[in-house]
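Enquirer: Contents of data.cif (mmCIF, C-alpha atoms) are below:
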data_start
#
loop_
_atom_site.group_PDB
_atom_site.id
_atom_site.type_symbol
_atom_site.label_atom_id
_atom_site.label_comp_id
_atom_site.auth_asym_id
_atom_site.auth_seq_id
_atom_site.Cartn_x
_atom_site.Cartn_y
_atom_site.Cartn_z
ATOM 1 C CA MET A 63 125.024 52.913 133.187
ATOM 2 C CA SER A 64 125.333 49.123 133.360
ATOM 3 C CA LEU A 65 122.262 46.933 133.625
ATOM 4 C CA LYS A 66 121.494 45.466 137.012
ATOM 5 C CA LYS A 67 121.651 41.738 137.369
ATOM 6 C CA PRO A 68 118.295 39.945 137.009
ATOM 7 C CA GLU A 69 118.313 38.857 140.646
ATOM 8 C CA GLU A 70 118.644 42.470 141.803
ATOM 9 C CA GLN A 71 115.920 44.001 139.693
ATOM 10 C CA PRO A 72 114.010 42.767 136.624
ATOM 11 C CA SER A 73 114.898 44.548 133.405
ATOM 12 C CA GLY A 74 112.422 46.896 131.759
ATOM 13 C CA ARG A 75 111.677 44.324 129.069
ATOM 14 C CA ARG A 76 111.166 41.591 131.689
ATOM 15 C CA ARG A 77 108.761 43.763 133.722
ATOM 16 C CA PHE A 78 106.920 44.604 130.501
ATOM 17 C CA LEU A 79 106.490 40.917 129.682
ATOM 18 C CA GLN A 80 105.572 39.907 133.221
ATOM 19 C CA LYS A 81 102.771 42.480 133.238
ATOM 20 C CA SER A 82 101.673 41.606 129.711
ATOM 21 C CA LEU A 83 101.424 37.849 130.261
ATOM 22 C CA SER A 84 98.266 38.168 132.324
ATOM 23 C CA LEU A 85 96.627 40.507 129.808
ATOM 24 C CA ILE A 86 96.561 38.278 126.726
ATOM 25 C CA PRO A 87 92.933 37.680 125.650
ATOM 26 C CA LEU A 88 91.761 34.189 124.816
ATOM 27 C CA ALA A 89 91.489 35.269 121.183
ATOM 28 C CA ALA A 90 95.255 35.131 120.915
ATOM 29 C CA ALA A 91 95.196 31.402 121.643
ATOM 30 C CA ALA A 92 92.991 30.564 118.657
ATOM 31 C CA SER A 93 94.541 28.208 116.093
ATOM 32 C CA THR A 94 94.401 28.826 112.698
ATOM 33 C CA GLY A 95 103.452 35.752 97.658
ATOM 34 C CA VAL A 96 105.240 38.612 99.209
ATOM 35 C CA VAL A 97 108.764 38.141 100.523
ATOM 36 C CA SER A 98 109.416 39.354 104.095
ATOM 37 C CA LEU A 99 111.127 42.728 103.879
ATOM 38 C CA SER A 100 112.796 44.779 106.591
ATOM 39 C CA SER A 101 113.437 48.459 106.964
ATOM 40 C CA PRO A 102 116.335 49.695 104.794
ATOM 41 C CA ALA A 103 117.955 50.993 107.965
ATOM 42 C CA ALA A 104 121.152 49.023 108.609
ATOM 43 C CA ASP A 105 120.622 45.250 108.572
ATOM 44 C CA LYS A 106 117.424 44.971 110.570
ATOM 45 C CA PRO A 107 116.474 41.365 111.366
ATOM 46 C CA GLN A 108 114.501 39.432 108.765
ATOM 47 C CA GLY A 109 112.894 37.168 111.329
ATOM 48 C CA VAL A 110 112.944 33.490 112.102
ATOM 49 C CA LEU A 111 110.310 32.933 109.411
ATOM 50 C CA SER A 112 111.838 35.255 106.816
ATOM 51 C CA ASP A 113 110.383 33.290 103.897
ATOM 52 C CA TYR A 114 106.822 33.667 105.179
ATOM 53 C CA VAL A 115 104.321 34.928 102.595
ATOM 54 C CA PRO A 116 101.721 37.272 104.167
ATOM 55 C CA ALA A 117 98.129 36.214 103.668
ATOM 56 C CA TYR A 118 96.537 39.576 104.487
ATOM 57 C CA PHE A 119 99.047 42.434 104.410
ATOM 58 C CA ASN A 120 100.260 43.785 101.086
ATOM 59 C CA ASP A 121 103.909 44.581 100.422
ATOM 60 C CA LYS A 122 103.766 48.187 101.635
ATOM 61 C CA GLU A 123 101.824 47.271 104.789
ATOM 62 C CA TRP A 124 104.242 44.419 105.513
ATOM 63 C CA LYS A 125 107.188 46.805 105.407
ATOM 64 C CA PHE A 126 105.419 49.119 107.848
ATOM 65 C CA LEU A 127 104.607 46.236 110.182
ATOM 66 C CA LEU A 128 108.189 44.973 110.280
ATOM 67 C CA ALA A 129 109.566 48.441 110.978
ATOM 68 C CA ALA A 130 106.970 49.202 113.669
ATOM 69 C CA LEU A 131 107.472 45.886 115.464
ATOM 70 C CA ASP A 132 111.209 46.477 115.467
ATOM 71 C CA ARG A 133 110.598 49.677 117.412
ATOM 72 C CA LEU A 134 107.965 48.324 119.820
ATOM 73 C CA ILE A 135 110.093 45.354 120.930
ATOM 74 C CA PRO A 136 113.629 45.783 119.595
ATOM 75 C CA ALA A 137 116.362 43.244 120.103
ATOM 76 C CA ASP A 138 118.627 44.137 123.023
ATOM 77 C CA ALA A 139 120.848 42.600 125.695
ATOM 78 C CA ASN A 140 117.803 40.966 127.329
ATOM 79 C CA GLY A 141 116.717 38.983 124.296
ATOM 80 C CA PRO A 142 115.587 38.958 120.656
ATOM 81 C CA GLY A 143 113.077 41.424 119.297
ATOM 82 C CA ALA A 144 109.576 41.037 117.929
ATOM 83 C CA VAL A 145 110.657 40.660 114.300
ATOM 84 C CA SER A 146 113.227 37.949 114.882
ATOM 85 C CA GLU A 147 110.632 36.055 116.946
ATOM 86 C CA GLY A 148 108.096 36.163 114.099
ATOM 87 C CA VAL A 149 105.475 38.439 115.677
ATOM 88 C CA GLN A 150 104.634 39.767 112.203
ATOM 89 C CA VAL A 151 103.626 36.223 111.231
ATOM 90 C CA PHE A 152 101.396 35.935 114.297
ATOM 91 C CA ILE A 153 99.614 39.196 113.439
ATOM 92 C CA ASP A 154 99.138 38.305 109.776
ATOM 93 C CA LYS A 155 97.647 34.917 110.711
ATOM 94 C CA GLN A 156 95.297 36.576 113.197
ATOM 95 C CA MET A 157 93.907 38.757 110.412
ATOM 96 C CA GLU A 158 92.668 35.631 108.614
ATOM 97 C CA LEU A 159 91.033 34.152 111.711
ATOM 98 C CA PRO A 160 87.597 35.046 113.166
ATOM 99 C CA TYR A 161 89.468 37.515 115.391
ATOM 100 C CA GLY A 162 90.652 39.550 112.416
ATOM 101 C CA TYR A 163 87.137 39.680 110.971
ATOM 102 C CA GLY A 164 85.644 40.805 114.291
ATOM 103 C CA ARG A 165 83.566 37.657 114.652
ATOM 104 C CA LEU A 166 84.394 37.317 118.332
ATOM 105 C CA TRP A 167 82.332 40.366 119.306
ATOM 106 C CA TYR A 168 78.899 41.803 118.764
ATOM 107 C CA MET A 169 79.508 44.108 115.805
ATOM 108 C CA GLN A 170 76.123 45.737 115.316
ATOM 109 C CA GLY A 171 75.453 49.405 116.067
ATOM 110 C CA PRO A 172 75.063 51.744 117.720
ATOM 111 C CA PHE A 173 78.793 52.316 118.339
ATOM 112 C CA ALA A 174 79.898 54.687 121.085
ATOM 113 C CA ASP A 175 82.988 55.544 123.091
ATOM 114 C CA SER A 176 82.993 53.668 126.375
ATOM 115 C CA ILE A 177 85.199 52.360 129.162
ATOM 116 C CA PRO A 178 87.306 49.253 128.393
ATOM 117 C CA GLU A 179 85.186 47.133 130.741
ATOM 118 C CA MET A 180 82.284 47.506 128.313
ATOM 119 C CA GLY A 181 84.132 45.527 125.651
ATOM 120 C CA TYR A 182 85.015 46.234 122.040
ATOM 121 C CA GLN A 183 83.188 49.330 120.813
ATOM 122 C CA SER A 184 84.669 50.236 117.428
ATOM 123 C CA HIS A 185 82.811 49.658 114.170
ATOM 124 C CA LEU A 186 86.172 48.677 112.633
ATOM 125 C CA VAL A 187 87.307 45.069 112.780
ATOM 126 C CA PRO A 188 91.050 44.462 113.370
ATOM 127 C CA ARG A 189 91.724 43.927 109.647
ATOM 128 C CA ASP A 190 90.286 47.337 108.846
ATOM 129 C CA THR A 191 92.059 48.957 111.786
ATOM 130 C CA TYR A 192 95.429 47.831 110.435
ATOM 131 C CA ARG A 193 94.723 48.785 106.826
ATOM 132 C CA LEU A 194 93.400 52.244 107.676
ATOM 133 C CA GLY A 195 95.943 52.825 110.436
ATOM 134 C CA ILE A 196 98.950 51.997 108.297
ATOM 135 C CA ALA A 197 97.629 54.222 105.527
ATOM 136 C CA LEU A 198 97.178 57.043 108.059
ATOM 137 C CA ALA A 199 100.741 56.668 109.343
ATOM 138 C CA ASP A 200 102.330 56.461 105.904
ATOM 139 C CA GLN A 201 100.327 59.445 104.659
ATOM 140 C CA HIS A 202 101.670 61.487 107.563
ATOM 141 C CA CYS A 203 105.215 60.289 106.864
ATOM 142 C CA GLN A 204 104.931 61.282 103.213
ATOM 143 C CA GLN A 205 103.671 64.745 104.144
ATOM 144 C CA GLN A 206 106.275 65.235 106.866
ATOM 145 C CA TYR A 207 109.339 63.456 105.459
ATOM 146 C CA GLN A 208 108.457 62.525 101.843
ATOM 147 C CA LYS A 209 109.096 58.908 102.796
ATOM 148 C CA ASP A 210 107.087 55.927 104.002
ATOM 149 C CA PHE A 211 107.361 54.887 107.654
ATOM 150 C CA TYR A 212 109.725 51.980 107.017
ATOM 151 C CA GLN A 213 112.168 54.321 105.251
ATOM 152 C CA LEU A 214 112.552 56.684 108.219
ATOM 153 C CA GLU A 215 115.384 56.821 110.703
ATOM 154 C CA THR A 216 114.772 55.133 114.041
ATOM 155 C CA ALA A 217 114.167 58.394 115.922
ATOM 156 C CA GLN A 218 111.650 59.521 113.303
ATOM 157 C CA GLN A 219 109.804 56.203 113.458
ATOM 158 C CA GLU A 220 109.525 56.482 117.221
ATOM 159 C CA GLU A 221 108.239 60.039 116.881
ATOM 160 C CA VAL A 222 105.486 58.846 114.539
ATOM 161 C CA LEU A 223 104.534 55.999 116.880
ATOM 162 C CA ARG A 224 104.318 58.424 119.790
ATOM 163 C CA ALA A 225 102.089 60.703 117.723
ATOM 164 C CA LEU A 226 99.795 57.752 117.006
ATOM 165 C CA GLU A 227 99.713 56.775 120.673
ATOM 166 C CA ALA A 228 98.875 60.348 121.713
ATOM 167 C CA ASP A 229 96.091 60.461 119.078
ATOM 168 C CA LYS A 230 97.760 63.379 117.317
ATOM 169 C CA LEU A 231 97.304 61.633 113.964
ATOM 170 C CA ARG A 232 93.762 60.946 112.838
ATOM 171 C CA ASN A 233 91.396 61.304 109.907
ATOM 172 C CA ASP A 234 87.725 60.656 109.196
ATOM 173 C CA ALA A 235 88.353 56.925 108.878
ATOM 174 C CA ILE A 236 90.396 56.159 112.002
ATOM 175 C CA HIS A 237 92.046 57.663 115.075
ATOM 176 C CA GLY A 238 95.757 57.033 115.538
ATOM 177 C CA LYS A 239 95.309 55.946 119.153
ATOM 178 C CA GLN A 240 92.945 53.141 118.158
ATOM 179 C CA PHE A 241 95.442 51.830 115.624
ATOM 180 C CA PHE A 242 98.392 52.105 118.014
ATOM 181 C CA GLU A 243 96.558 50.246 120.780
ATOM 182 C CA GLN A 244 95.591 47.471 118.345
ATOM 183 C CA LEU A 245 99.184 47.161 117.127
ATOM 184 C CA LEU A 246 100.691 47.182 120.625
ATOM 185 C CA GLU A 247 98.199 44.642 121.973
ATOM 186 C CA ASN A 248 98.829 42.209 119.122
ATOM 187 C CA THR A 249 102.589 42.717 119.393
ATOM 188 C CA LYS A 250 102.555 41.679 123.051
ATOM 189 C CA GLU A 251 100.265 38.736 122.283
ATOM 190 C CA GLY A 252 102.499 37.508 119.469
ATOM 191 C CA TYR A 253 105.671 37.867 121.508
ATOM 192 C CA LEU A 254 104.217 35.823 124.365
ATOM 193 C CA ALA A 255 102.062 33.314 122.465
ATOM 194 C CA ASP A 256 102.881 29.686 121.804
ATOM 195 C CA PRO A 257 105.058 29.363 118.659
ATOM 196 C CA ILE A 258 102.326 27.339 116.974
ATOM 197 C CA HIS A 259 100.530 30.639 116.341
ATOM 198 C CA GLY A 260 103.467 32.304 114.588
ATOM 199 C CA GLY A 261 105.371 34.384 117.137
ATOM 200 C CA ASN A 262 107.784 33.552 119.961
ATOM 201 C CA GLN A 263 109.557 31.154 117.606
ATOM 202 C CA THR A 264 112.526 30.454 119.903
ATOM 203 C CA LEU A 265 110.450 30.608 123.118
ATOM 204 C CA ALA A 266 112.672 33.523 124.138
ATOM 205 C CA SER A 267 109.950 35.439 125.973
ATOM 206 C CA TRP A 268 108.881 32.383 127.982
ATOM 207 C CA LYS A 269 112.478 31.711 128.918
ATOM 208 C CA MET A 270 112.918 35.361 129.899
ATOM 209 C CA ILE A 271 109.992 35.385 132.318
ATOM 210 C CA GLY A 272 110.438 31.829 133.580
ATOM 211 C CA PHE A 273 107.235 30.435 132.040
ATOM 212 C CA PRO A 274 107.456 26.626 131.596
ATOM 213 C CA GLY A 275 104.957 26.496 128.735
ATOM 214 C CA ALA A 276 103.108 23.262 128.017
ATOM 215 C CA ARG A 277 104.939 21.069 130.499
ATOM 216 C CA ALA A 278 102.399 18.803 132.190
ATOM 217 C CA ASP A 279 104.229 17.500 135.255
ATOM 218 C CA PHE A 280 105.125 19.848 138.108
ATOM 219 C CA VAL A 281 105.092 17.306 140.962
ATOM 220 C CA ASP A 282 108.746 17.888 141.815
ATOM 221 C CA THR A 283 108.433 21.661 142.002
ATOM 222 C CA VAL A 284 104.896 22.438 143.164
ATOM 223 C CA GLN A 285 105.947 22.317 146.818
ATOM 224 C CA GLN A 286 108.884 24.681 146.286
ATOM 225 C CA PRO A 287 107.392 28.202 146.344
ATOM 226 C CA ASN A 288 109.513 31.195 145.278
ATOM 227 C CA LYS A 289 112.044 28.914 143.633
ATOM 228 C CA PRO A 290 112.588 29.354 139.873
ATOM 229 C CA TYR A 291 111.399 26.468 137.725
ATOM 230 C CA PRO A 292 114.595 24.595 136.767
ATOM 231 C CA LEU A 293 113.633 23.440 133.257
ATOM 232 C CA GLY A 294 113.281 25.442 130.060
ATOM 233 C CA PRO A 295 109.917 26.044 128.346
ATOM 234 C CA VAL A 296 108.222 23.612 125.964
ATOM 235 C CA SER A 297 105.626 24.593 123.362
ATOM 236 C CA ILE A 298 102.382 22.819 122.474
ATOM 237 C CA SER A 299 104.167 21.145 119.549
ATOM 238 C CA SER A 300 107.055 20.081 121.841
ATOM 239 C CA LYS A 301 109.424 22.801 120.582
ATOM 240 C CA ARG A 302 112.047 23.653 123.187
ATOM 241 C CA SER A 303 113.983 26.864 123.771
ATOM 242 C CA VAL A 304 117.309 27.297 122.026
#
Can you dump the structure from the file as structure tokens?
Expert:
Amino acid sequence: MSLKKPEEQPSGRRRFLQKSLSLIPLAAAASTGVVSLSSPAADKPQGVLSDYVPAYFNDKEWKFLLAALDRLIPADANGPGAVSEGVQVFIDKQMELPYGYGRLWYMQGPFADSIPEMGYQSHLVPRDTYRLGIALADQHCQQQYQKDFYQLETAQQEEVLRALEADKLRNDAIHGKQFFEQLLENTKEGYLADPIHGGNQTLASWKMIGFPGARADFVDTVQQPNKPYPLGPVSISSKRSV
């Protein structure tokens, strides 16, 4: 079935990004040697910042992250994927900021399950959530397939991610659902953030949803409701879409 034209109905990826744009927490806007490796599956993208050296993730974790991001937001006819936009760089940088260390929340006990409106409730900071979550996923993959996650076929990787999302994978250290939600949230943040933070390196997501970015002057368009903004996005550092 052919895709409908954008003016008829937004694509699934576009709807996903439109909904996600309003959900990015302020933490994602904070400023701040292992070679970037991709899944061995056929020629997966290395990323715009392929020479980036992770500050937090080790080699095995980095391979998992690249493979998982390539499944969460893959490249398709609507635009580039998370890996080619550098979302892995965004996430790694976040792990070295106060956000990654959990310094943006009250992190003293007692800890209890609660509704999202009550704020962050886990005793694990994001850094720990990633480290324990990746270990949980790879342990399952070794038991099930005798391979690590990044070595699996695409369908198998998606099956593992669904199992994490459904909380079917868990151990005494972490629940799969908590890890999956952390990964998905940061993936959306990185894909939609300003390039200065690591992701969205070509401004592709902003261009896709019609977000002008850091442009300061809207005098010519403010009185034209429901009309698409005619100019491409500009980042904080004056980078423009390609």
Enquirer: Would you work out the distance separating atom CA of A:Ser297 from atom CA of A:Asp256, expressed in Å to one decimal?
Expert: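 We find that atom CA of A:Ser297 and atom CA of A:Asp256 lie 6.0 Å from each other.
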Enquirer: Could you state the separation of atom CA of A:Phe126 and atom CA of A:Ala199 in Å, given to one decimal place?
Expert: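 Those two atoms sit 9.0 Å apart.
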Enquirer: Find the residues around A:Lys239 up to 7 Å (only C-alpha atoms counted), leave out those fewer than 3 positions away in its own chain, and share them as a list in words.
Expert: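 So the residues in contact are Leu226, Glu227, Ala228, Asp229, Phe242 and Glu243 of chain A.
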Enquirer: Leaving out stretch 209-222 of chain A and any residue of its chain fewer than 4 positions from it, which residues lie within 9 Å of it when counting only C-alpha atoms, given as an NGL selection string?
Expert: :A and (100-103 or 122 or 125-130 or 133-134 or 196 or 199-205 or 226-227 or 231)
Enquirer: Under the rule that all atoms listed in the file are counted, which of A:Gly164, A:Arg277, A:Ile271, A:Ala266 is the nearest residue to A:Ala137?
Expert: A:Ala266
Enquirer: I'd like the contact shell of A:Gln244 - 9 Å cut-off, all atoms listed in the file, skipping same-chain residues fewer than 6 positions apart - returned as a PyMOL selection string.
Expert: chain A and resi 188+191-192
Enquirer: Figure out the distance between atom CA of A:Leu131 and atom CA of A:Ala225, please, to one decimal in Å.
Expert: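 So the two atoms, atom CA of A:Ala225 and atom CA of A:Leu131, lie 15.9 Å apart.
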Enquirer: For A:Gln263, which residue among A:Arg193, A:His185, A:Lys301, A:Lys155 is the nearest when counting only C-alpha atoms?
Expert: A:Lys301
Enquirer: Running the PyMOL selection byres ((chain A and resi 285-296) around 7) on this model by hand, what would come out? Give it as a list in words.
Expert: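 Those residues are Leu265, Trp268, Lys269, Gly272, Phe273, Pro274, Gly275, Ala276, Arg277, Thr283, Val284, Ser297, Ile298, Ser300, Lys301, Arg302 and Ser303 of chain A.
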Enquirer: Around all the atoms of stretch 131-136 of chain A listed in the file, with 3 Å of room on each side, what axis-aligned box do you get, giving centre and edge lengths in Å to one decimal, as AutoDock Vina command-line options?
Expert:
--center_x 110.6 --center_y 47.5 --center_z 118.2 --size_x 12.2 --size_y 10.3 --size_z 11.5
Enquirer: Give me, as an MDAnalysis selection string, all polymer residues having an atom no more than 9 Å from A:Asp154, counting all atoms listed in the file and skipping those fewer than 4 positions away in the same chain.
Expert: chainID A and resid 116:119 149:150 158 162 260
Enquirer: Can I get stretch 270-285 of chain A with N, CA and C atoms filled in, as a CSV table (one decimal), in the frame of the given file?
Expert:
chain,number,residue,atom,x,y,z
A,270,MET,N,112.6,34.1,129.2
A,270,MET,CA,112.9,35.4,129.9
A,270,MET,C,112.1,35.6,131.2
A,271,ILE,N,110.8,35.2,131.1
A,271,ILE,CA,110.0,35.4,132.3
A,271,ILE,C,109.8,34.1,133.2
A,272,GLY,N,110.5,33.0,132.8
A,272,GLY,CA,110.4,31.8,133.6
A,272,GLY,C,109.2,31.0,133.4
A,273,PHE,N,108.5,31.2,132.3
A,273,PHE,CA,107.2,30.4,132.0
A,273,PHE,C,107.5,29.1,131.4
A,274,PRO,N,107.1,28.0,132.1
A,274,PRO,CA,107.5,26.6,131.6
A,274,PRO,C,106.7,26.2,130.3
A,275,GLY,N,105.7,26.9,129.9
A,275,GLY,CA,105.0,26.5,128.7
A,275,GLY,C,104.0,25.3,128.9
A,276,ALA,N,104.1,24.4,128.0
A,276,ALA,CA,103.1,23.3,128.0
A,276,ALA,C,103.6,22.0,128.8
A,277,ARG,N,104.5,22.2,129.7
A,277,ARG,CA,104.9,21.1,130.5
A,277,ARG,C,103.8,20.6,131.4
A,278,ALA,N,103.6,19.3,131.5
A,278,ALA,CA,102.4,18.8,132.2
A,278,ALA,C,102.7,18.4,133.6
A,279,ASP,N,103.9,18.1,134.0
A,279,ASP,CA,104.2,17.5,135.3
A,279,ASP,C,105.0,18.5,136.1
A,280,PHE,N,104.4,18.9,137.2
A,280,PHE,CA,105.1,19.8,138.1
A,280,PHE,C,105.2,19.3,139.5
A,281,VAL,N,105.1,17.9,139.6
A,281,VAL,CA,105.1,17.3,141.0
A,281,VAL,C,106.3,17.6,141.8
A,282,ASP,N,107.5,17.7,141.1
A,282,ASP,CA,108.7,17.9,141.8
A,282,ASP,C,109.0,19.3,142.3
A,283,THR,N,108.2,20.2,141.7
A,283,THR,CA,108.4,21.7,142.0
A,283,THR,C,107.3,22.4,142.7
A,284,VAL,N,106.1,21.8,142.7
A,284,VAL,CA,104.9,22.4,143.2
A,284,VAL,C,105.0,22.8,144.6
A,285,GLN,N,105.8,22.1,145.4
A,285,GLN,CA,105.9,22.3,146.8
A,285,GLN,C,107.2,23.1,147.1
